[in-house]
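Listing of data32.txt, compact mmCIF, C-alpha atoms
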```
# COMPACT_ATOMS: atom_id res chain seq x y z
CA MET A 4 -41.27 -53.84 -88.68
CA THR A 5 -38.82 -56.50 -87.60
CA GLY A 6 -36.01 -54.56 -89.23
CA GLY A 7 -35.17 -51.50 -91.26
CA ARG A 8 -36.34 -48.01 -90.45
CA PRO A 9 -39.49 -46.65 -88.78
CA GLN A 10 -42.38 -46.15 -91.17
CA GLY A 11 -43.23 -42.51 -91.70
CA ALA A 12 -39.87 -41.26 -90.43
CA SER A 13 -38.45 -37.96 -91.57
CA ARG A 14 -35.46 -37.13 -93.77
CA TYR A 15 -33.07 -37.73 -90.85
CA ALA A 16 -34.40 -41.20 -90.10
CA ASN A 17 -34.17 -42.00 -93.80
CA THR A 18 -30.40 -41.73 -93.58
CA CYS A 19 -29.82 -42.77 -89.97
CA ALA A 20 -32.32 -45.50 -89.23
CA THR A 21 -30.77 -48.49 -87.49
CA PRO A 22 -30.39 -51.57 -89.69
CA SER A 23 -31.14 -54.96 -88.20
CA PRO A 24 -29.12 -56.50 -86.70
CA ALA A 25 -27.08 -53.63 -85.23
CA ARG A 26 -24.29 -53.51 -82.68
CA THR A 27 -23.76 -51.07 -79.84
CA ALA A 28 -22.00 -47.93 -81.07
CA THR A 29 -18.94 -46.37 -79.45
CA GLU A 30 -21.02 -43.32 -78.54
CA GLU A 31 -23.45 -45.54 -76.62
CA LEU A 32 -20.59 -47.16 -74.72
CA PHE A 33 -19.31 -43.67 -73.85
CA PHE A 34 -22.77 -42.85 -72.51
CA ASP A 35 -22.78 -46.06 -70.45
CA LEU A 36 -19.44 -45.21 -68.86
CA VAL A 37 -21.14 -42.34 -67.02
CA PHE A 38 -23.34 -44.89 -65.28
CA VAL A 39 -20.31 -46.64 -63.83
CA PHE A 40 -19.67 -43.41 -61.94
CA ALA A 41 -23.39 -42.91 -61.25
CA PHE A 42 -23.72 -46.34 -59.62
CA VAL A 43 -20.65 -45.69 -57.46
CA GLN A 44 -22.24 -42.40 -56.39
CA LEU A 45 -25.40 -44.25 -55.42
CA GLY A 46 -23.43 -46.44 -53.04
CA THR A 47 -21.79 -43.38 -51.50
CA LEU A 48 -25.19 -41.70 -51.13
CA ILE A 49 -26.61 -44.68 -49.22
CA LEU A 50 -23.52 -44.98 -47.02
CA SER A 51 -23.92 -41.31 -46.06
CA ASP A 52 -27.36 -42.17 -44.63
CA TYR A 53 -27.04 -45.83 -43.66
CA THR A 54 -30.71 -46.22 -42.75
CA PRO A 55 -33.82 -47.62 -44.46
CA GLN A 56 -34.60 -44.07 -45.61
CA GLY A 57 -31.12 -43.79 -47.11
CA VAL A 58 -31.59 -47.06 -49.02
CA LEU A 59 -34.98 -45.89 -50.28
CA ARG A 60 -33.50 -42.59 -51.45
CA GLY A 61 -30.74 -44.42 -53.25
CA MET A 62 -33.28 -46.59 -55.06
CA LEU A 63 -35.33 -43.52 -56.04
CA VAL A 64 -32.26 -41.88 -57.57
CA LEU A 65 -31.51 -45.16 -59.36
CA ALA A 66 -35.04 -45.24 -60.77
CA LEU A 67 -34.64 -41.79 -62.36
CA LEU A 68 -31.14 -42.53 -63.64
CA TRP A 69 -32.49 -45.75 -65.12
CA TRP A 70 -35.35 -43.95 -66.85
CA SER A 71 -32.87 -41.51 -68.38
CA TRP A 72 -30.68 -44.35 -69.65
CA GLY A 73 -33.67 -46.30 -70.94
CA ALA A 74 -34.98 -43.37 -72.97
CA PHE A 75 -31.79 -43.35 -75.02
CA ALA A 76 -31.78 -47.14 -75.32
CA TRP A 77 -35.11 -46.79 -77.13
CA LEU A 78 -33.89 -43.89 -79.24
CA SER A 79 -30.59 -45.45 -80.34
CA ASN A 80 -32.44 -48.60 -81.39
CA ASN A 81 -34.40 -46.44 -83.83
CA LEU A 82 -31.59 -44.11 -84.93
CA GLN A 83 -27.91 -44.82 -85.35
CA ALA A 84 -25.82 -43.23 -82.61
CA SER A 85 -22.75 -42.76 -84.83
CA PHE A 86 -24.15 -40.22 -87.30
CA GLY A 87 -25.23 -36.60 -87.52
CA VAL A 88 -27.47 -34.95 -84.98
CA MET A 89 -27.92 -38.15 -82.99
CA ARG A 90 -24.17 -38.46 -82.45
CA PHE A 91 -23.83 -34.84 -81.34
CA GLY A 92 -26.90 -35.09 -79.11
CA LEU A 93 -25.62 -38.23 -77.39
CA PHE A 94 -22.32 -36.51 -76.56
CA VAL A 95 -24.20 -33.56 -75.10
CA VAL A 96 -26.53 -35.73 -73.05
CA THR A 97 -23.54 -37.74 -71.76
CA GLY A 98 -22.09 -34.55 -70.27
CA ILE A 99 -25.39 -33.58 -68.67
CA THR A 100 -25.86 -37.08 -67.28
CA PHE A 101 -22.42 -36.92 -65.70
CA VAL A 102 -23.41 -33.70 -63.92
CA MET A 103 -26.63 -35.39 -62.81
CA ALA A 104 -24.63 -38.30 -61.40
CA LEU A 105 -22.27 -35.86 -59.71
CA SER A 106 -25.21 -34.13 -58.03
CA THR A 107 -26.70 -37.29 -56.49
CA LEU A 108 -24.84 -36.72 -53.22
CA VAL A 109 -26.62 -33.38 -52.76
CA ALA A 110 -29.92 -34.36 -54.37
CA PHE A 111 -31.71 -34.47 -51.00
CA THR A 112 -29.55 -32.34 -48.69
CA ASP A 113 -27.64 -29.25 -49.80
CA ARG A 114 -24.04 -28.52 -48.87
CA PRO A 115 -22.78 -25.02 -48.02
CA GLY A 116 -21.38 -23.00 -50.90
CA GLY A 117 -21.92 -23.32 -54.63
CA LEU A 118 -25.19 -24.09 -56.38
CA TYR A 119 -28.24 -25.29 -54.50
CA GLY A 120 -27.71 -29.05 -54.76
CA PRO A 121 -31.33 -30.34 -54.62
CA LEU A 122 -32.17 -28.32 -57.74
CA VAL A 123 -29.23 -29.54 -59.83
CA PHE A 124 -30.48 -33.11 -60.16
CA PRO A 125 -34.03 -32.28 -61.36
CA THR A 126 -32.63 -29.66 -63.75
CA CYS A 127 -30.30 -32.20 -65.33
CA TYR A 128 -33.05 -34.82 -65.39
CA PHE A 129 -35.34 -32.43 -67.24
CA LEU A 130 -32.60 -31.55 -69.75
CA VAL A 131 -31.74 -35.21 -70.43
CA ARG A 132 -35.37 -36.18 -70.99
CA SER A 133 -36.05 -33.08 -73.06
CA LEU A 134 -33.05 -33.76 -75.31
CA HIS A 135 -34.34 -37.29 -75.82
CA LEU A 136 -37.70 -35.95 -76.99
CA ALA A 137 -36.05 -33.28 -79.14
CA LEU A 138 -33.88 -35.84 -80.92
CA TYR A 139 -36.83 -38.10 -81.52
CA ALA A 140 -38.92 -35.14 -82.73
CA TYR A 141 -36.26 -34.43 -85.34
CA ALA A 142 -36.68 -37.95 -86.71
CA VAL A 143 -40.40 -38.63 -86.37
CA SER A 144 -42.97 -37.65 -88.99
CA ALA A 145 -45.07 -34.53 -88.41
CA GLN A 146 -48.23 -36.62 -88.11
CA ARG A 147 -46.85 -38.32 -85.00
CA LEU A 148 -45.44 -35.33 -83.15
CA VAL A 149 -48.33 -35.01 -80.71
CA ARG A 150 -48.66 -38.75 -80.07
CA HIS A 151 -44.94 -39.45 -79.72
CA ILE A 152 -43.52 -36.20 -78.36
CA VAL A 153 -46.13 -34.02 -76.68
CA VAL A 154 -48.00 -36.81 -74.89
CA PRO A 155 -44.86 -38.50 -73.45
CA ALA A 156 -43.67 -35.09 -72.24
CA VAL A 157 -46.59 -34.83 -69.81
CA PRO A 158 -45.44 -37.40 -67.18
CA MET A 159 -41.85 -36.19 -67.56
CA ILE A 160 -42.79 -32.57 -66.85
CA ALA A 161 -45.04 -33.61 -63.96
CA SER A 162 -42.29 -35.70 -62.33
CA THR A 163 -39.75 -32.89 -62.75
CA ALA A 164 -42.17 -30.45 -61.14
CA LEU A 165 -42.51 -32.77 -58.16
CA LEU A 166 -38.71 -32.98 -57.84
CA VAL A 167 -38.49 -29.18 -57.88
CA CYS A 168 -41.20 -29.01 -55.20
CA ALA A 169 -39.21 -31.50 -53.12
CA ALA A 170 -36.17 -29.23 -53.39
CA LEU A 171 -37.98 -26.02 -52.40
CA VAL A 172 -41.29 -26.50 -50.59
CA PRO A 173 -40.70 -28.76 -47.52
CA HIS A 174 -37.72 -26.68 -46.35
CA ARG A 175 -39.90 -23.55 -46.31
CA LEU A 176 -43.10 -24.98 -44.87
CA LEU A 177 -41.69 -27.31 -42.22
CA THR A 178 -39.28 -26.63 -39.37
CA ASP A 179 -38.73 -30.14 -38.02
CA GLN A 180 -35.86 -31.70 -39.99
CA ARG A 181 -37.27 -35.20 -39.68
CA GLN A 182 -40.56 -34.07 -41.20
CA VAL A 183 -38.66 -32.27 -43.96
CA ALA A 184 -36.73 -35.45 -44.78
CA ILE A 185 -39.93 -37.52 -44.92
CA ALA A 186 -41.72 -34.96 -47.10
CA VAL A 187 -38.80 -34.75 -49.53
CA THR A 188 -38.60 -38.54 -49.81
CA LEU A 189 -42.36 -38.86 -50.39
CA LEU A 190 -42.29 -36.22 -53.14
CA TRP A 191 -39.44 -38.08 -54.85
CA LEU A 192 -41.40 -41.33 -54.58
CA LEU A 193 -44.44 -39.64 -56.13
CA ALA A 194 -42.27 -38.23 -58.94
CA VAL A 195 -40.97 -41.71 -59.80
CA LEU A 196 -44.47 -43.20 -59.73
CA VAL A 197 -45.87 -40.47 -61.98
CA ASP A 198 -43.12 -40.94 -64.55
CA TYR A 199 -43.22 -44.74 -64.54
CA VAL A 200 -47.00 -45.20 -64.43
CA GLY A 201 -47.58 -42.38 -66.90
CA SER A 202 -45.08 -43.79 -69.37
CA PHE A 203 -46.55 -47.29 -69.06
CA THR A 204 -49.96 -46.11 -70.22
CA LEU A 205 -48.71 -44.28 -73.32
CA PRO A 206 -50.10 -45.76 -76.58
CA VAL A 207 -46.93 -45.34 -78.62
CA TRP A 208 -46.04 -48.89 -79.67
CA GLU A 209 -45.11 -47.66 -83.16
CA ILE A 210 -41.80 -46.40 -81.71
CA GLY A 211 -40.74 -49.99 -82.18
CA ILE A 212 -37.71 -52.16 -81.56
CA PHE A 213 -35.98 -52.40 -84.92
CA SER A 214 -33.06 -54.59 -83.84
CA ALA A 215 -33.66 -57.21 -81.15
CA ARG A 216 -29.96 -58.00 -81.04
CA HIS A 217 -28.97 -54.38 -80.42
CA TRP A 218 -31.71 -53.95 -77.80
CA CYS A 219 -30.72 -57.04 -75.80
CA GLU A 220 -27.04 -56.18 -76.08
CA ARG A 221 -27.68 -52.71 -74.63
CA TYR A 222 -29.44 -54.14 -71.58
CA GLY A 223 -26.83 -56.81 -71.12
CA LEU A 224 -24.13 -54.14 -71.13
CA ILE A 225 -25.85 -52.01 -68.49
CA LEU A 226 -26.10 -55.08 -66.24
CA ILE A 227 -22.36 -55.56 -66.70
CA VAL A 228 -21.88 -51.90 -65.73
CA ALA A 229 -23.82 -52.59 -62.50
CA VAL A 230 -21.66 -55.64 -61.82
CA GLY A 231 -18.64 -53.43 -62.44
CA GLU A 232 -19.79 -51.16 -59.62
CA ASN A 233 -19.86 -54.18 -57.33
CA ILE A 234 -16.29 -55.05 -58.27
CA ILE A 235 -15.22 -51.44 -57.75
CA SER A 236 -16.83 -51.53 -54.29
CA ILE A 237 -14.91 -54.68 -53.42
CA GLY A 238 -11.66 -53.07 -54.54
CA THR A 239 -12.06 -49.58 -53.10
CA SER A 240 -13.36 -50.84 -49.74
CA SER A 241 -10.16 -52.80 -49.23
CA SER A 242 -7.82 -50.03 -50.45
CA ASP A 243 -6.88 -48.92 -46.92
CA VAL A 244 -6.98 -52.38 -45.32
CA SER A 245 -3.92 -54.58 -44.83
CA ILE A 246 -3.84 -57.63 -47.07
CA SER A 247 -4.60 -60.73 -45.02
CA TRP A 248 -5.87 -64.25 -45.62
CA ARG A 249 -9.24 -63.23 -44.16
CA LEU A 250 -9.47 -60.31 -46.59
CA LEU A 251 -8.51 -62.46 -49.58
CA PHE A 252 -11.10 -65.06 -48.58
CA ALA A 253 -13.77 -62.36 -48.20
CA VAL A 254 -12.92 -60.95 -51.63
CA MET A 255 -13.20 -64.38 -53.26
CA LEU A 256 -16.57 -64.98 -51.61
CA ALA A 257 -17.81 -61.59 -52.82
CA MET A 258 -16.58 -62.32 -56.34
CA THR A 259 -18.38 -65.67 -56.24
CA VAL A 260 -21.69 -63.97 -55.48
CA THR A 261 -21.04 -61.33 -58.14
CA GLY A 262 -20.12 -63.94 -60.74
CA ALA A 263 -23.26 -65.93 -59.92
CA LEU A 264 -25.39 -62.88 -60.73
CA LEU A 265 -23.80 -62.65 -64.17
CA TRP A 266 -24.15 -66.39 -64.77
CA THR A 267 -27.85 -66.53 -63.93
CA TYR A 268 -28.60 -63.82 -66.49
CA PHE A 269 -26.22 -64.51 -69.36
CA ASP A 270 -26.13 -68.31 -69.34
CA VAL A 271 -29.39 -68.75 -71.26
CA VAL A 272 -31.92 -66.16 -70.04
CA ALA A 273 -30.50 -63.29 -72.10
CA LEU A 274 -30.36 -65.56 -75.14
CA ILE A 275 -34.00 -66.57 -74.71
CA GLY A 276 -35.04 -62.92 -74.56
CA GLU A 277 -33.23 -62.08 -77.78
CA GLN A 278 -34.75 -65.05 -79.63
CA VAL A 279 -38.28 -64.21 -78.46
CA LEU A 280 -37.96 -60.55 -79.46
CA GLU A 281 -36.51 -61.51 -82.84
CA ARG A 282 -39.55 -63.65 -83.67
CA ALA A 283 -42.26 -61.34 -82.28
CA ASP A 284 -44.40 -59.03 -84.39
CA ALA A 285 -43.91 -55.28 -83.99
CA LYS A 286 -46.65 -54.63 -81.44
CA THR A 287 -45.75 -57.65 -79.29
CA ARG A 288 -42.07 -56.75 -79.48
CA PHE A 289 -42.79 -53.25 -78.16
CA ALA A 290 -44.82 -54.61 -75.22
CA LEU A 291 -42.16 -57.19 -74.35
CA ALA A 292 -39.36 -54.62 -74.60
CA ARG A 293 -41.25 -52.20 -72.36
CA ASP A 294 -42.30 -54.72 -69.70
CA ALA A 295 -39.43 -57.22 -69.63
CA TYR A 296 -36.60 -54.75 -70.20
CA SER A 297 -37.51 -51.13 -69.36
CA TYR A 298 -39.37 -52.15 -66.20
CA LEU A 299 -38.19 -55.58 -65.03
CA HIS A 300 -34.50 -54.96 -65.59
CA LEU A 301 -34.56 -52.12 -63.06
CA PRO A 302 -35.02 -54.42 -60.01
CA MET A 303 -32.34 -56.67 -61.49
CA VAL A 304 -29.91 -53.73 -61.55
CA ALA A 305 -30.94 -52.80 -58.01
CA GLY A 306 -30.39 -56.42 -56.94
CA ILE A 307 -26.86 -56.28 -58.35
CA LEU A 308 -26.01 -52.97 -56.65
CA LEU A 309 -27.43 -53.68 -53.19
CA PRO A 310 -24.93 -56.40 -52.17
CA ALA A 311 -22.18 -53.76 -52.29
CA LEU A 312 -23.61 -52.43 -48.99
CA GLY A 313 -22.89 -55.66 -47.16
CA ILE A 314 -19.55 -56.11 -48.92
CA ARG A 315 -18.27 -52.69 -47.81
CA GLU A 316 -19.37 -53.34 -44.25
CA LEU A 317 -17.74 -56.75 -44.29
CA VAL A 318 -14.39 -55.33 -45.39
CA LYS A 319 -14.52 -52.93 -42.45
CA ASN A 320 -15.02 -55.87 -40.13
CA VAL A 321 -12.20 -57.85 -41.68
CA GLY A 322 -9.83 -54.90 -41.51
CA ARG A 323 -10.84 -53.93 -37.95
CA ILE A 324 -11.50 -50.38 -39.08
CA GLU A 325 -13.29 -47.90 -36.81
CA GLY A 326 -13.46 -50.25 -33.85
CA HIS A 327 -15.14 -53.10 -35.69
CA HIS A 328 -14.28 -56.63 -34.62
CA PRO A 329 -13.66 -59.20 -37.37
CA ASP A 330 -16.30 -61.54 -35.94
CA GLU A 331 -19.05 -58.91 -35.78
CA SER A 332 -22.38 -59.66 -37.44
CA LEU A 333 -23.61 -57.57 -40.33
CA SER A 334 -26.03 -54.76 -39.57
CA ALA A 335 -29.63 -55.04 -40.73
CA ILE A 336 -28.83 -52.80 -43.73
CA GLY A 337 -25.77 -54.83 -44.69
CA LEU A 338 -27.68 -58.10 -44.37
CA PHE A 339 -30.54 -56.69 -46.43
CA GLY A 340 -28.07 -55.60 -49.09
CA LEU A 341 -26.53 -59.06 -49.41
CA TYR A 342 -29.52 -61.37 -49.02
CA GLY A 343 -32.25 -58.94 -50.09
CA GLY A 344 -30.25 -57.86 -53.13
CA LEU A 345 -29.75 -61.40 -54.41
CA ALA A 346 -33.38 -62.30 -53.70
CA LEU A 347 -34.58 -59.18 -55.54
CA PHE A 348 -32.40 -60.03 -58.54
CA LEU A 349 -33.70 -63.60 -58.71
CA LEU A 350 -37.36 -62.58 -58.32
CA ALA A 351 -37.01 -59.94 -61.04
CA ASN A 352 -35.25 -62.51 -63.21
CA VAL A 353 -38.13 -64.95 -62.75
CA ALA A 354 -40.66 -62.22 -63.57
CA TYR A 355 -38.64 -61.39 -66.68
CA GLN A 356 -38.69 -65.03 -67.79
CA LEU A 357 -42.42 -65.34 -67.17
CA ARG A 358 -43.06 -62.19 -69.21
CA ILE A 359 -40.73 -62.95 -72.09
CA ALA A 360 -41.09 -66.78 -72.31
CA ARG A 361 -41.44 -69.91 -70.21
CA THR A 362 -38.94 -71.93 -72.20
CA ILE A 363 -36.90 -73.29 -69.28
CA ARG A 364 -39.42 -73.92 -66.50
CA THR A 365 -36.87 -75.79 -64.38
CA ILE A 366 -34.73 -72.67 -64.10
CA ILE A 367 -37.75 -70.64 -62.98
CA TRP A 368 -38.48 -73.06 -60.15
CA THR A 369 -34.88 -73.37 -59.02
CA ARG A 370 -34.66 -69.59 -58.69
CA VAL A 371 -37.91 -69.36 -56.75
CA ALA A 372 -36.60 -72.10 -54.45
CA ALA A 373 -33.33 -70.18 -54.00
CA VAL A 374 -35.28 -67.09 -52.89
CA LEU A 375 -37.17 -69.16 -50.31
CA VAL A 376 -33.88 -70.62 -49.05
CA LEU A 377 -32.39 -67.12 -48.74
CA ALA A 378 -35.41 -65.93 -46.74
CA ALA A 379 -35.11 -68.93 -44.42
CA LEU A 380 -31.38 -68.33 -43.91
CA VAL A 381 -31.66 -64.65 -42.94
CA PRO A 382 -32.23 -65.37 -39.19
CA VAL A 383 -29.26 -67.75 -39.29
CA ALA A 384 -27.03 -65.25 -41.07
CA ARG A 385 -28.07 -62.53 -38.60
CA ARG A 386 -26.42 -64.52 -35.79
CA MET A 387 -23.30 -65.36 -37.79
CA SER A 388 -20.20 -63.27 -38.32
CA ALA A 389 -20.15 -61.06 -41.41
CA MET A 390 -17.72 -63.48 -43.05
CA GLY A 391 -19.98 -66.42 -42.25
CA ALA A 392 -23.04 -64.64 -43.66
CA LEU A 393 -21.20 -63.88 -46.90
CA GLY A 394 -19.90 -67.45 -47.09
CA LEU A 395 -23.43 -68.80 -46.67
CA LEU A 396 -24.65 -66.52 -49.46
CA ALA A 397 -21.80 -67.61 -51.75
CA ALA A 398 -22.66 -71.25 -51.06
CA VAL A 399 -26.32 -70.69 -52.03
CA SER A 400 -25.27 -68.82 -55.20
CA PHE A 401 -22.83 -71.52 -56.27
CA THR A 402 -25.29 -74.33 -55.48
CA LEU A 403 -27.96 -72.63 -57.55
CA ILE A 404 -25.69 -72.56 -60.60
CA VAL A 405 -24.67 -76.21 -60.18
CA VAL A 406 -28.28 -77.38 -59.77
CA GLU A 407 -29.43 -75.43 -62.83
CA VAL A 408 -26.65 -76.84 -64.96
CA ILE A 409 -27.64 -80.37 -63.94
CA VAL A 410 -31.44 -80.15 -64.21
CA ALA A 411 -31.62 -78.06 -67.40
CA ASP A 412 -28.48 -79.18 -69.22
CA GLY A 413 -30.24 -80.54 -72.32
CA GLN A 414 -32.46 -77.48 -72.75
CA ARG A 415 -29.50 -75.16 -72.14
CA ARG A 416 -27.44 -76.82 -74.87
CA ARG A 417 -30.26 -76.69 -77.41
CA LEU A 418 -30.98 -73.02 -76.70
CA ARG A 419 -27.33 -72.03 -76.87
CA GLU A 420 -26.81 -73.92 -80.13
CA SER A 421 -29.94 -72.35 -81.59
CA GLY A 422 -28.83 -68.87 -80.53
CA LEU A 423 -25.34 -69.39 -81.94
CA ALA A 424 -26.79 -70.61 -85.25
CA ASN A 425 -29.08 -67.57 -85.49
CA ARG A 426 -26.20 -65.17 -84.85
CA MET A 427 -24.00 -66.85 -87.44
CA GLN A 428 -26.81 -66.56 -90.01
CA ALA A 429 -27.26 -62.88 -89.10
```
Show me this structure written as structure tokens.
Amino acid sequence: MTGGRPQGASRYANTCATPSPARTATEELFFDLVFVFAFVQLGTLILSDYTPQGVLRGMLVLALLWWSWGAFAWLSNNLQASFGVMRFGLFVVTGITFVMALSTLVAFTDRPGGLYGPLVFPTCYFLVRSLHLALYAYAVSAQRLVRHIVVPAVPMIASTALLVCAALVPHRLLTDQRQVAIAVTLLWLLAVLVDYVGSFTLPVWEIGIFSARHWCERYGLILIVAVGENIISIGTSSSDVSISWRLLFAVMLAMTVTGALLWTYFDVVALIGEQVLERADAKTRFALARDAYSYLHLPMVAGILLPALGIRELVKNVGRIEGHHPDESLSAIGLFGLYGGLALFLLANVAYQLRIARTIRTIIWTRVAAVLVLAALVPVARRMSAMGALGLLAAVSFTLIVVEVIVADGQRRRLRESGLANRMQA
């Protein structure tokens, strides 16, 4: 099962099963483009409620968007996205996902006029997940329908029901708006837990990863999409600010941090993951793909998106917008976004490496050390200006890259040469 088509697949899978190795199809890239907009919407959602509750709500929306994207990453690794029913279905689900992303700003609080916002998101979520199961049902053998379709539908239906309850019940039972907000957030949290924990326990390893290269490429691309949101945030935040040397310096510092995030993942870590998946047997490959990618890549994406909070706030300070002074410190939320986001990314990256392989132990320890340094620097950054806090973060990011290049240079070269040789043979 390291390549070819799923055993026991139907007539559709016989003609559309993904060969190994496979490349990302145009239809998949079209689907990913929606998530550029979705990630921008997440930032806007958090900025509309710039509190710990707002950040939590943003992360809950991200978790459900991620689960929707991940479902089709699994499916398109089994079935080619450029043919037949799969191609049509992916175009349909792209449209629904765009509506779901559009509705994130009213997912918790409705706006006057039009449809009832808090119901639009769960409706779209249910349709996206249902279409995923329907497309897979069309390809899977009849003997596996219950195990692969009916059973996975249970946590999805339960989580959707909780989202619908969050949209309808607290507003009718409670009068205090603060209590309503807490109840809605808790129901969303429960919905995410039900879907994630329920899906983790499903015994459906036969779904399989039939192309390790395609699988790793898909997850690498979605990380690039998240980085793209960071770049968009840097650009749009400065759109109504006069160009100054302070602004240009702030932008370069922000780009340094953003580039460091890409470097730490794509330098060798992504390559290690692909090599390990390529060599694993079918059952091990499924477990690694589920744990290291479906689950552990989510906090990495969150860690990429969170720094945008501090970057947007910093640009306001630099541009003296809304009464801000250029030497003001970042707020607790902005500081958490910058330092907490990078720390979350590095911790998730370490967990990913420990789950997938321990090939470069020196890189694991340098990243753990960087997290400890970031934690120690938070009180210092809290007393510094926003520009100083960002500069300190950029210095840590750049130093981490330099140290890793020095201490793991030999291992890095061998891994990169091995990965290049494998790809040329493929």
Please provide the set of residues having any atom within 9 Å of region 233-239 of chain A, restricted to all atoms listed in the file, with same-chain residues fewer than 4 positions apart removed, written as a compact mmCIF listing (two decimals) with C-alpha atoms, in the coordinates of the input.
```
# COMPACT_ATOMS: atom_id res chain seq x y z
CA VAL A 43 -20.65 -45.69 -57.46
CA GLY A 46 -23.43 -46.44 -53.04
CA VAL A 228 -21.88 -51.90 -65.73
CA ALA A 229 -23.82 -52.59 -62.50
CA ASP A 243 -6.88 -48.92 -46.92
CA VAL A 254 -12.92 -60.95 -51.63
CA ALA A 257 -17.81 -61.59 -52.82
CA MET A 258 -16.58 -62.32 -56.34
CA THR A 261 -21.04 -61.33 -58.14
CA ILE A 307 -26.86 -56.28 -58.35
CA LEU A 308 -26.01 -52.97 -56.65
CA LEU A 309 -27.43 -53.68 -53.19
CA PRO A 310 -24.93 -56.40 -52.17
CA ALA A 311 -22.18 -53.76 -52.29
CA LEU A 312 -23.61 -52.43 -48.99
CA ILE A 314 -19.55 -56.11 -48.92
CA ARG A 315 -18.27 -52.69 -47.81
CA VAL A 318 -14.39 -55.33 -45.39
```
(request) Pick out the closest residue to Thr267 (chain A) from this set: A:Phe94, A:Phe33, A:Phe42, A:Phe348. Count only C-alpha atoms. (result) A:Phe348
(request) Find the residues near Ile185 (chain A): any atom within 10 Å, counting all atoms listed in the file, skip ones fewer than 5 places away on the same chain, and give them as a list in words. (result) Gln56, Pro173, Gln180, Leu190 and Trp191 of chain A
(request) Return the single residue from A:Gly231, A:Leu136, A:Ile366, A:Val167 that is closest to Val153 (chain A), with distances computed using only C-alpha atoms. (result)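 Answer, going by the shortest atom-to-atom distance: A:Leu136.
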(message) Can you measure CA of Ala104 (chain A) to CA of His135 (chain A) for me? One decimal in Å is fine.
(response)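 If I compute the distance from CA of Ala104 (chain A) to CA of His135 (chain A), I get 17.4 Å.
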Find the residues near Ala354 (chain A): any atom within 10 Å, counting all atoms listed in the file, skip ones fewer than 3 places away on the same chain, and give them as a PDB file with C-alpha atoms, keeping the file's coordinate frame.
```
ATOM      1  CA  ASP A 294     -42.300 -54.720 -69.700  1.00  0.00           C
ATOM      2  CA  ALA A 295     -39.430 -57.220 -69.630  1.00  0.00           C
ATOM      3  CA  LEU A 299     -38.190 -55.580 -65.030  1.00  0.00           C
ATOM      4  CA  HIS A 300     -34.500 -54.960 -65.590  1.00  0.00           C
ATOM      5  CA  PHE A 348     -32.400 -60.030 -58.540  1.00  0.00           C
ATOM      6  CA  LEU A 349     -33.700 -63.600 -58.710  1.00  0.00           C
ATOM      7  CA  LEU A 350     -37.360 -62.580 -58.320  1.00  0.00           C
ATOM      8  CA  ALA A 351     -37.010 -59.940 -61.040  1.00  0.00           C
ATOM      9  CA  LEU A 357     -42.420 -65.340 -67.170  1.00  0.00           C
ATOM     10  CA  ARG A 358     -43.060 -62.190 -69.210  1.00  0.00           C
ATOM     11  CA  ILE A 359     -40.730 -62.950 -72.090  1.00  0.00           C
ATOM     12  CA  ALA A 360     -41.090 -66.780 -72.310  1.00  0.00           C
ATOM     13  CA  ILE A 367     -37.750 -70.640 -62.980  1.00  0.00           C
TER      14      ILE A 367
END
```
(message) My list of candidates is A:Ser162, A:Ser332, A:Thr259, A:Thr112. Which is closest to Val230 (chain A) when distances are computed with all atoms listed in the file?
(response)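 The closest residue to Val230 (chain A) is A:Thr259.
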Contacts between region 192-200 of chain A and region 20-75 of chain A, please, where a residue of region 20-75 of chain A counts if it comes within 7 Å (with only C-alpha atoms); show its shortest atom pair and distance in Å to one decimal, rows by chain and ascending number, as JSON lines.
```
{"residue": "A:Leu63", "atom": "CA", "partner": "A:Leu192", "partner_atom": "CA", "distance": 6.6}
{"residue": "A:Ala66", "atom": "CA", "partner": "A:Val195", "partner_atom": "CA", "distance": 7.0}
{"residue": "A:Leu67", "atom": "CA", "partner": "A:Val195", "partner_atom": "CA", "distance": 6.8}
```
(message) Neighbouring residues of Ala384 (chain A) were defined as those with any atom within 9 Å, considering all atoms listed in the file; residues of the same chain fewer than 2 positions away were excluded. Please report them as a ChimeraX atom specification.
(response) /A:332-333,338,380-382,386-389,391-393,395-396
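With CA of Val131 (chain A) on one side and CA of Phe91 (chain A) on the other, the separation reads 13.5 Å.
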